>>> print(open('data39.txt').read())   # compact mmCIF, C-alpha atoms
# COMPACT_ATOMS: atom_id res chain seq x y z
CA MET A 1 0.00 0.00 0.00
CA ILE A 2 1.32 3.44 -0.90
CA LEU A 3 1.98 5.92 1.89
CA ASN A 4 -0.97 6.21 4.25
CA GLY A 5 -3.78 4.29 2.54
CA SER A 6 -6.26 5.30 5.23
CA VAL A 7 -6.09 8.89 3.97
CA CYS A 8 -7.55 7.80 0.64
CA ARG A 9 -10.18 5.64 2.29
CA GLU A 10 -11.25 8.48 4.61
CA ASN A 11 -11.71 10.73 1.59
CA GLY A 12 -13.66 8.19 -0.46
CA LEU A 13 -10.76 7.45 -2.83
CA SER A 14 -9.66 4.01 -3.95
CA VAL A 15 -6.29 2.82 -2.61
CA ILE A 16 -3.27 1.99 -4.76
CA GLU A 17 -2.49 -1.70 -4.28
CA GLN A 18 0.98 -2.91 -5.31
CA PRO A 19 1.40 -0.65 -8.36
CA LYS A 20 3.69 -1.96 -11.07
CA SER A 21 5.55 -0.07 -13.72
CA LYS A 22 7.69 -1.26 -16.59
CA GLY A 23 9.58 1.41 -18.45
CA VAL A 24 7.82 4.58 -19.54
CA SER A 25 4.26 4.33 -20.82
CA HIS A 26 2.94 6.40 -23.69
CA TYR A 27 0.77 8.26 -21.20
CA GLU A 28 3.71 9.12 -18.93
CA TYR A 29 5.73 10.25 -21.94
CA GLU A 30 2.92 12.59 -22.94
CA ALA A 31 2.34 13.58 -19.33
CA ARG A 32 5.93 14.71 -18.98
CA LYS A 33 5.43 17.14 -21.83
CA SER A 34 2.37 18.60 -20.10
CA GLY A 35 4.17 18.88 -16.75
CA ILE A 36 2.35 16.25 -14.70
CA SER A 37 4.85 13.34 -14.68
CA TRP A 38 5.63 11.38 -11.51
CA LYS A 39 9.01 13.12 -11.41
CA GLU A 40 7.29 16.49 -11.25
CA HIS A 41 5.11 15.15 -8.44
CA LEU A 42 8.27 14.00 -6.66
CA ARG A 43 9.85 17.44 -7.06
CA GLN A 44 6.84 19.09 -5.41
CA ILE A 45 6.88 16.66 -2.48
CA LEU A 46 10.65 17.12 -1.99
CA LYS A 47 10.23 20.91 -1.99
CA ALA A 48 7.69 20.63 0.83
CA ILE A 49 10.01 18.33 2.79
CA ILE A 50 13.02 20.66 2.38
CA VAL A 51 11.02 23.56 3.84
CA GLN A 52 10.22 21.51 6.95
CA SER A 53 13.71 20.04 7.48
CA THR A 54 16.33 21.24 9.96
CA SER A 55 19.28 19.21 8.59
CA LEU A 56 20.18 16.80 5.82
CA ASP A 57 19.59 13.84 8.14
CA ASP A 58 16.20 15.28 9.10
CA PHE A 59 15.43 15.65 5.38
CA PHE A 60 16.20 11.97 4.77
CA SER A 61 14.07 10.99 7.78
CA ARG A 62 11.11 12.99 6.49
CA CYS A 63 11.53 11.44 3.03
CA THR A 64 11.24 8.00 4.65
CA GLU A 65 8.04 9.13 6.39
CA HIS A 66 6.67 10.02 2.94
CA ASN A 67 7.77 6.62 1.55
CA ILE A 68 10.51 8.11 -0.60
CA GLU A 69 13.63 5.94 -0.55
CA CYS A 70 16.91 7.88 -0.58
CA VAL A 71 20.37 6.48 -1.34
CA TYR A 72 23.06 8.94 -0.25
CA LYS A 73 26.69 8.06 -0.98
CA PRO A 74 28.75 11.27 -0.91
CA GLU A 75 31.87 9.44 -2.07
CA ASN A 76 30.23 8.34 -5.34
CA LYS A 77 29.85 10.31 -8.53
CA VAL A 78 26.07 9.99 -8.15
CA LYS A 79 25.82 11.20 -4.56
CA LEU A 80 22.06 11.09 -4.08
CA LYS A 81 19.12 9.39 -5.76
CA TYR A 82 15.43 9.00 -4.94
CA ARG A 83 12.73 6.40 -5.47
CA PRO A 84 9.11 6.96 -4.42
CA GLN A 85 7.19 3.83 -3.47
CA GLY A 86 5.55 2.25 -6.49
CA LYS A 87 8.45 3.01 -8.83
CA GLU A 88 10.98 0.36 -9.83
CA ARG A 89 13.85 2.67 -10.68
CA PHE A 90 15.69 5.40 -8.82
CA VAL A 91 16.04 8.89 -10.23
CA ARG A 92 19.26 10.86 -9.70
CA ALA A 93 19.04 14.07 -7.71
CA ASP A 94 20.76 16.12 -10.44
CA THR A 95 18.30 14.70 -12.98
CA LEU A 96 15.42 16.21 -10.99
CA GLY A 97 17.28 19.53 -10.78
CA GLU A 98 20.20 21.21 -9.04
CA GLU A 99 18.03 22.24 -6.07
CA TYR A 100 17.51 18.55 -5.15
CA THR A 101 21.23 17.72 -4.82
CA PRO A 102 22.60 17.28 -1.28
CA GLU A 103 24.70 20.45 -1.51
CA ALA A 104 21.71 22.56 -2.56
CA ILE A 105 19.46 21.00 0.09
CA ILE A 106 22.00 21.75 2.85
CA GLU A 107 22.33 25.32 1.60
CA SER A 108 18.53 25.79 1.49
CA ILE A 109 18.08 24.41 5.01
CA GLU A 110 20.87 26.61 6.41
CA ARG A 111 19.40 29.67 4.71
CA MET A 112 15.97 28.99 6.23
CA GLN A 113 17.45 28.33 9.67
CA ASN A 114 19.36 31.61 9.46
CA ALA A 115 16.15 33.44 8.52
CA LEU A 116 14.35 31.86 11.47
CA ALA A 117 17.13 32.93 13.83
CA VAL A 118 16.92 36.49 12.53
CA ALA A 119 13.14 36.43 12.94
CA GLN A 120 13.62 35.32 16.54
CA ARG A 121 16.08 38.13 17.29
CA PHE A 122 13.69 40.62 15.72
CA THR A 123 10.79 39.34 17.83
CA MET A 124 12.85 39.61 21.02
CA HIS A 125 13.96 43.17 20.35
CA LYS A 126 10.88 44.61 18.64
CA ALA A 127 9.31 45.98 21.84
CA ASP A 128 12.65 47.38 23.02
CA GLU A 129 13.13 49.27 19.76
CA ALA A 130 9.58 50.60 19.88
CA SER A 131 9.96 51.88 23.44
CA ALA A 132 13.31 53.48 22.62
CA ILE A 133 11.81 55.38 19.69
CA THR A 134 8.90 56.52 21.87
CA ALA A 135 11.17 57.72 24.67
CA GLU A 136 13.76 59.46 22.48
CA PRO A 137 12.39 60.46 19.06
CA LYS A 138 14.95 60.45 16.25
CA SER A 139 15.40 63.05 13.59
CA ALA A 140 12.79 63.06 10.83
CA ASN A 141 15.59 62.24 8.39
CA THR A 142 16.47 58.98 10.14
CA ALA A 143 15.70 55.96 7.93
CA VAL A 144 13.24 53.52 9.46
CA ILE A 145 13.62 49.81 8.71
CA THR A 146 10.28 48.04 8.50
CA THR A 147 9.60 44.54 9.80
CA ASP A 148 9.69 43.10 6.28
CA ASP A 149 12.96 44.89 5.50
CA PHE A 150 14.53 43.60 8.70
CA ILE A 151 13.63 39.99 7.97
CA VAL A 152 14.80 40.23 4.34
CA ILE A 153 18.10 41.80 5.35
CA GLY A 154 18.61 39.15 8.00
CA ALA A 155 17.75 36.31 5.64
CA GLU A 156 20.22 37.51 3.03
CA ASN A 157 23.11 37.69 5.49
CA SER A 158 24.53 34.64 7.22
CA ILE A 159 24.68 34.38 11.01
CA THR A 160 27.97 35.78 12.26
CA ASP A 161 28.57 32.96 14.74
CA PRO A 162 26.68 29.80 13.67
CA GLU A 163 28.16 27.62 16.44
CA LYS A 164 27.03 30.08 19.09
CA GLU A 165 23.54 30.20 17.57
CA GLU A 166 23.31 26.40 17.55
CA LYS A 167 24.23 26.23 21.24
CA ALA A 168 21.69 28.91 22.20
CA ASP A 169 18.58 27.80 24.06
CA GLY A 170 15.73 28.15 21.60
CA TRP A 171 13.20 28.22 24.45
CA ALA A 172 15.08 30.68 26.70
CA SER A 173 12.31 33.27 26.51
CA ILE A 174 9.72 30.99 28.12
CA ARG A 175 11.92 29.16 30.63
CA GLY A 176 10.46 31.23 33.45
CA MET A 177 6.93 29.99 32.83
CA ARG A 178 5.42 27.62 35.37
CA ILE A 179 4.37 25.12 32.69
CA CYS A 180 7.36 25.62 30.39
CA ASP A 181 8.34 21.92 30.56
CA ASP A 182 4.89 20.84 29.38
CA ILE A 183 4.89 23.46 26.62
CA ILE A 184 8.31 22.47 25.31
CA ALA A 185 7.54 18.74 25.42
CA ASP A 186 4.26 19.19 23.53
CA MET A 187 5.76 21.60 21.00
CA GLU A 188 8.73 19.37 20.22
CA SER A 189 6.43 16.36 19.88
CA VAL A 190 4.91 18.05 16.80
CA GLY A 191 8.20 19.32 15.38
CA ILE A 192 8.41 22.83 16.87
CA HIS A 193 11.88 22.98 18.45
CA SER A 194 12.31 26.64 19.36
CA LEU A 195 10.45 29.89 19.88
CA ALA A 196 11.74 30.98 16.45
CA GLU A 197 9.95 28.08 14.79
CA TYR A 198 6.88 28.81 16.91
CA ASN A 199 6.85 32.44 15.71
CA ALA A 200 7.49 31.44 12.10
CA PHE A 201 4.61 28.95 12.17
CA SER A 202 2.34 31.54 13.78
CA VAL A 203 2.89 33.77 10.74
CA THR A 204 2.85 31.20 7.91
CA GLY A 205 1.26 27.99 9.24
CA TRP A 206 -2.41 28.92 8.95
CA ASN A 207 -2.09 30.28 5.40
CA LYS A 208 -0.11 27.21 4.37
CA ARG A 209 -2.78 24.88 5.77
CA GLU A 210 -5.53 26.84 4.03
CA GLU A 211 -3.65 26.62 0.74
CA LEU A 212 -3.06 22.89 1.19
CA GLY A 213 -6.72 22.36 2.03
CA LYS A 214 -7.81 24.00 -1.21
CA LYS A 215 -5.32 21.94 -3.22
CA LEU A 216 -6.47 18.73 -1.53
CA GLY A 217 -10.11 19.52 -2.27
CA LYS A 218 -9.37 20.15 -5.93
CA MET A 219 -7.15 17.07 -6.22
CA LYS A 220 -9.76 14.86 -4.54
CA SER A 221 -12.35 15.96 -7.13
CA GLN A 222 -9.90 15.21 -9.95
CA ILE A 223 -9.07 11.74 -8.59
CA LEU A 224 -12.74 10.88 -8.08
CA ALA A 225 -13.47 12.00 -11.66
CA ILE A 226 -10.70 9.78 -13.08
CA ASP A 227 -11.73 6.78 -10.98
CA GLU A 228 -15.36 7.24 -12.01
CA LEU A 229 -14.28 7.35 -15.66
CA ILE A 230 -12.26 4.14 -15.20
CA ALA A 231 -15.26 2.45 -13.57
CA LYS A 232 -17.50 3.52 -16.46
CA ILE A 233 -15.06 2.15 -19.05
CA ASN A 234 -14.85 -1.19 -17.23
CA HIS A 235 -18.64 -1.31 -16.91
CA LEU A 236 -19.00 -0.62 -20.64
CA LYS A 237 -16.85 -3.66 -21.37
CA GLU A 238 -19.22 -5.80 -19.28
CA LEU A 239 -22.16 -4.62 -21.42
CA SER A 240 -20.36 -4.78 -24.77
CA ASP A 241 -21.33 -8.37 -25.70
CA THR A 242 -25.03 -7.66 -25.27
CA TYR A 243 -24.82 -4.40 -27.21
CA LYS A 244 -22.72 -5.96 -29.97
CA GLU A 245 -25.34 -8.69 -30.39
CA TYR A 246 -28.07 -6.03 -30.49
CA LYS A 247 -26.28 -4.04 -33.20
CA GLY A 248 -25.81 -7.19 -35.26
CA LEU A 249 -29.56 -7.67 -35.59
CA THR A 250 -31.99 -5.84 -37.85
CA GLY A 251 -35.69 -5.18 -38.15
CA PHE A 252 -38.13 -7.15 -35.98
CA LYS A 253 -35.38 -9.28 -34.37
CA GLN A 254 -33.52 -6.17 -33.25
CA SER A 255 -36.70 -4.58 -31.85
CA ARG A 256 -37.60 -7.75 -29.96
CA PHE A 257 -34.03 -8.11 -28.62
CA ARG A 258 -34.00 -4.52 -27.43
CA LYS A 259 -37.33 -4.93 -25.68
CA LYS A 260 -36.00 -8.01 -23.92
CA ASN A 261 -32.64 -6.37 -22.98
CA ALA A 262 -33.74 -2.75 -22.68
CA ALA A 263 -32.02 -2.08 -19.34
CA ALA A 264 -28.60 -3.32 -20.50
CA ILE A 265 -28.80 -1.55 -23.87
CA ASP A 266 -29.91 1.76 -22.31
CA ASP A 267 -27.17 1.40 -19.70
CA TYR A 268 -24.57 0.83 -22.44
CA GLU A 269 -25.64 3.89 -24.44
CA GLN A 270 -25.75 6.14 -21.36
CA THR A 271 -22.38 4.87 -20.13
CA ASN A 272 -20.82 5.31 -23.55
CA SER A 273 -22.16 8.86 -23.74
CA TYR A 274 -20.73 9.64 -20.29
CA ILE A 275 -17.30 8.30 -21.27
CA TRP A 276 -16.96 10.37 -24.42
CA GLU A 277 -18.21 13.46 -22.61
CA HIS A 278 -15.67 13.14 -19.77
CA ILE A 279 -12.64 11.60 -21.45
CA GLU A 280 -11.79 14.67 -23.53
CA PRO A 281 -9.42 16.33 -20.96
CA TYR A 282 -7.27 13.18 -20.84
CA LYS A 283 -6.71 12.79 -24.58
CA GLN A 284 -3.18 13.07 -25.93
CA ASP A 285 -2.75 14.00 -29.59
CA ASP A 286 -6.52 13.58 -29.94
CA LYS A 287 -6.16 9.93 -28.82
CA ALA A 288 -8.19 8.59 -25.90
CA PRO A 289 -6.12 7.05 -23.07
CA THR A 290 -6.34 3.39 -22.09
CA VAL A 291 -7.60 2.20 -18.71
CA LYS A 292 -3.99 1.48 -17.70
CA GLN A 293 -2.91 5.00 -18.60
CA LEU A 294 -5.80 6.50 -16.64
CA THR A 295 -5.01 4.22 -13.69
CA ASP A 296 -1.34 5.27 -13.75
CA HIS A 297 -2.43 8.89 -13.77
CA SER A 298 -4.81 8.29 -10.85
CA ASN A 299 -2.12 6.45 -8.86
CA ASP A 300 0.38 9.28 -9.38
CA MET A 301 -2.18 11.78 -8.15
CA LYS A 302 -2.91 9.61 -5.09
CA LEU A 303 0.79 9.63 -4.25
CA ARG A 304 0.71 13.40 -4.18
CA PHE A 305 -2.63 13.48 -2.37
CA ASN A 306 -1.40 11.20 0.43
CA ALA A 307 1.80 13.20 0.88
CA MET A 308 -0.08 16.51 0.97
CA ALA A 309 -2.74 15.07 3.30
CA GLN A 310 -0.07 13.95 5.75
CA GLU A 311 1.42 17.43 5.73
CA TYR A 312 -2.04 18.97 6.13
CA ASN A 313 -2.86 16.73 9.10
CA HIS A 314 0.49 17.59 10.68
CA LEU A 315 -0.27 21.30 10.35
CA LEU A 316 -3.62 20.72 12.05
CA GLU A 317 -1.84 18.91 14.87
CA VAL A 318 0.67 21.75 15.30
CA GLU A 319 -2.12 24.33 15.32
CA ALA A 320 -3.95 22.38 18.02
CA VAL A 321 -0.87 22.28 20.27
CA MET A 322 -0.04 25.94 19.66
CA GLY A 323 -3.63 26.95 20.34
CA LYS A 324 -3.44 25.18 23.68
CA TYR A 325 -0.57 27.38 24.90
CA ASN A 326 -0.70 30.44 22.63
CA ARG A 327 -2.36 32.75 25.17
CA GLU A 328 0.06 31.85 27.99
CA ILE A 329 3.15 32.20 25.77
CA ARG A 330 2.09 35.57 24.36
CA LYS A 331 1.22 36.86 27.82
CA HIS A 332 4.59 35.77 29.22
CA ILE A 333 6.58 37.28 26.34
CA THR A 334 4.64 40.55 26.56
CA GLN A 335 5.37 40.75 30.29
CA GLN A 336 9.08 40.17 29.58
CA GLN A 337 9.13 42.85 26.89
CA ASN A 338 7.34 45.34 29.15
CA ARG A 339 9.79 44.56 31.96
CA ARG A 340 12.79 45.14 29.69
CA ALA A 341 11.25 48.33 28.34
CA ALA A 342 10.71 49.61 31.92
CA GLU A 343 14.30 48.75 32.87
CA GLN A 344 15.69 50.55 29.83
CA SER A 345 13.51 53.58 30.53
CA ARG A 346 14.74 53.62 34.12
CA GLU A 347 18.37 53.37 33.00
CA ARG A 348 17.91 56.24 30.55
CA ARG A 349 16.26 58.34 33.24
CA GLN A 350 19.09 57.62 35.67
CA GLY A 351 21.62 58.48 32.99
CA ARG A 352 19.97 61.85 32.34
CA ASN A 353 19.88 62.56 36.07
CA ARG A 354 23.60 61.82 36.37
CA ARG A 355 24.41 64.09 33.44
CA ASN A 356 22.30 66.89 34.94
CA SER A 357 24.05 66.46 38.28
CA GLU A 358 27.47 66.71 36.65
CA LEU A 359 26.46 69.89 34.79
CA GLU A 360 25.29 71.48 38.03
>>> encode(input="data39.txt", output="structure tokens")
Amino acid sequence: MILNGSVCRENGLSVIEQPKSKGVSHYEYEARKSGISWKEHLRQILKAIIVQSTSLDDFFSRCTEHNIECVYKPENKVKLKYRPQGKERFVRADTLGEEYTPEAIIESIERMQNALAVAQRFTMHKADEASAITAEPKSANTAVITTDDFIVIGAENSITDPEKEEKADGWASIRGMRICDDIIADMESVGIHSLAEYNAFSVTGWNKREELGKKLGKMKSQILAIDELIAKINHLKELSDTYKEYKGLTGFKQSRFRKKNAAAIDDYEQTNSYIWEHIEPYKQDDKAPTVKQLTDHSNDMKLRFNAMAQEYNHLLEVEAVMGKYNREIRKHITQQQNRRAAEQSRERRQGRNRRNSELE
């Protein structure tokens, strides 16, 4: 069974059972040209996995969870290759594209981790900067860096001391909370390993889940349409002998045969009409696809559907955990920021008093 078969069952979709593939079918050849080949599906799944990964090892682990087999041998000329379940052959990383090679994956993960670290630093200092501006207004000519500018600048520049960043406690800001141990345990159980990741998910997670939900809904409708078309074609074959016999008769014999087999003949004609009405989008070079080609197409889409559904369900799980503690975390961080702002204000006030005393 491919990936998580229960996902298909829960959504009313048939499950892929032991798919087989020999070489490249005519349909897959044509599908490649239209951008819907299994390799393109694999690229999209790998992109989603890269975004979620924190290291190359974590990337490989997540690939395994999505039933994508990886062979990584850095000493070989072909360092990395992939094989999704249901495919007999591996595909080389550089064949999929440069961004799927181990070097590019490591670079992408490091770049995202750097951006998350910058986002965390910005979150920690945002209130301090705001209070400083309020207390001591700058000149009107002073350039103001917006939140978006700050994050972009930070993401484009590497962390000055990566080892120090890695050793830093990602949950330092909430360590003073009474239930911090429960929060951290629950967060890390769903893949949130620091306050930076928590903040990043708070900004992007909901939109990502909404987008995935829409894609899943559309894909489910497409899969159901293909499977219904396959069922109609198979049903037509079951009725073909009766209809062929009917068409071979003429005159009174044909009329009598139709009266006797009216249900089967009407069913054949209605089914045949449905097929030719719905098969048009799947034609290649004005040629109707075979049942095998339609089944291959359906199975490829189910691979993508299962992978996306797993990601969607994970996002729901993360949202549930974050919702459980969101109010307490935000309250604690706000209290910390207000405390720091008050301390800085007091220090500035004391500094001004000392300068005034010296002048006197």
>>> closest_residue(input="data39.txt", among="A:Glu40, A:Asp300, A:Glu317, A:Glu328", to="Thr95 of chain A", atoms="all atoms listed in the file")
A:Glu40
>>> axis_aligned_box(input="data39.txt", around="segment 284-288 of chain A", padding_each_side="6 Å", output="lines of an AutoDock Vina configuration file")
center_x = -5.5
center_y = 11.3
center_z = -27.9
size_x = 17.4
size_y = 17.4
size_z = 16.0
>>> closest_residue(input="data39.txt", among="A:Val291, A:Ser194, A:Cys180, A:Gly351", to="Glu228 of chain A", atoms="only C-alpha atoms")
A:Val291
>>> closest_residue(input="data39.txt", among="A:Glu280, A:Glu245, A:Glu75, A:Glu311", to="Ala48 of chain A", atoms="all atoms listed in the file")
A:Glu311
>>> closest_residue(input="data39.txt", among="A:Leu195, A:Ile275, A:Ile226, A:Leu56", to="Ser298 of chain A", atoms="all atoms listed in the file")
A:Ile226
>>> residues_near_point(input="data39.txt", point="(-0.4, 28.1, 22.8)", cutoff="12 Å", atoms="all atoms listed in the file", output="list in words")
Ile174, Ile179, Cys180, Asp182, Ile183, Ile184, Asp186, Met187, Ile192, Leu195, Tyr198, Asn199, Phe201, Ser202, Val318, Glu319, Ala320, Val321, Met322, Gly323, Lys324, Tyr325, Asn326, Arg327, Glu328, Ile329, Arg330, Lys331 and His332 of chain A
>>> write_last_selection(input="data39.txt", atoms="C-alpha atoms", output="PDB file, keeping the file's coordinate frame")
ATOM      1  CA  ILE A 174       9.720  30.990  28.120  1.00  0.00           C
ATOM      2  CA  ILE A 179       4.370  25.120  32.690  1.00  0.00           C
ATOM      3  CA  CYS A 180       7.360  25.620  30.390  1.00  0.00           C
ATOM      4  CA  ASP A 182       4.890  20.840  29.380  1.00  0.00           C
ATOM      5  CA  ILE A 183       4.890  23.460  26.620  1.00  0.00           C
ATOM      6  CA  ILE A 184       8.310  22.470  25.310  1.00  0.00           C
ATOM      7  CA  ASP A 186       4.260  19.190  23.530  1.00  0.00           C
ATOM      8  CA  MET A 187       5.760  21.600  21.000  1.00  0.00           C
ATOM      9  CA  ILE A 192       8.410  22.830  16.870  1.00  0.00           C
ATOM     10  CA  LEU A 195      10.450  29.890  19.880  1.00  0.00           C
ATOM     11  CA  TYR A 198       6.880  28.810  16.910  1.00  0.00           C
ATOM     12  CA  ASN A 199       6.850  32.440  15.710  1.00  0.00           C
ATOM     13  CA  PHE A 201       4.610  28.950  12.170  1.00  0.00           C
ATOM     14  CA  SER A 202       2.340  31.540  13.780  1.00  0.00           C
ATOM     15  CA  VAL A 318       0.670  21.750  15.300  1.00  0.00           C
ATOM     16  CA  GLU A 319      -2.120  24.330  15.320  1.00  0.00           C
ATOM     17  CA  ALA A 320      -3.950  22.380  18.020  1.00  0.00           C
ATOM     18  CA  VAL A 321      -0.870  22.280  20.270  1.00  0.00           C
ATOM     19  CA  MET A 322      -0.040  25.940  19.660  1.00  0.00           C
ATOM     20  CA  GLY A 323      -3.630  26.950  20.340  1.00  0.00           C
ATOM     21  CA  LYS A 324      -3.440  25.180  23.680  1.00  0.00           C
ATOM     22  CA  TYR A 325      -0.570  27.380  24.900  1.00  0.00           C
ATOM     23  CA  ASN A 326      -0.700  30.440  22.630  1.00  0.00           C
ATOM     24  CA  ARG A 327      -2.360  32.750  25.170  1.00  0.00           C
ATOM     25  CA  GLU A 328       0.060  31.850  27.990  1.00  0.00           C
ATOM     26  CA  ILE A 329       3.150  32.200  25.770  1.00  0.00           C
ATOM     27  CA  ARG A 330       2.090  35.570  24.360  1.00  0.00           C
ATOM     28  CA  LYS A 331       1.220  36.860  27.820  1.00  0.00           C
ATOM     29  CA  HIS A 332       4.590  35.770  29.220  1.00  0.00           C
TER      30      HIS A 332
END
>>> closest_residue(input="data39.txt", among="A:Arg355, A:Lys247, A:Lys287, A:Arg304", to="Ile68 of chain A", atoms="all atoms listed in the file")
A:Arg304
>>> atom_distance(input="data39.txt", atom1="atom CA of Lys218 of chain A", atom2="atom CA of Asn306 of chain A")
13.6 Å
>>> residues_around(input="data39.txt", residues="Thr101 of chain A", least_positions_apart="5", cutoff="9 Å", atoms="all atoms listed in the file", output="list in words")
Lys79, Leu80, Lys81, Arg92, Ala93, Asp94, Leu96 and Ile106 of chain A
>>> closest_residue(input="data39.txt", among="A:Tyr268, A:Ile45, A:Gln222, A:Ile109", to="Asp58 of chain A", atoms="all atoms listed in the file")
A:Ile109
>>> atom_distance(input="data39.txt", atom1="atom CA of Glu103 of chain A", atom2="atom CA of Ser55 of chain A")
11.5 Å
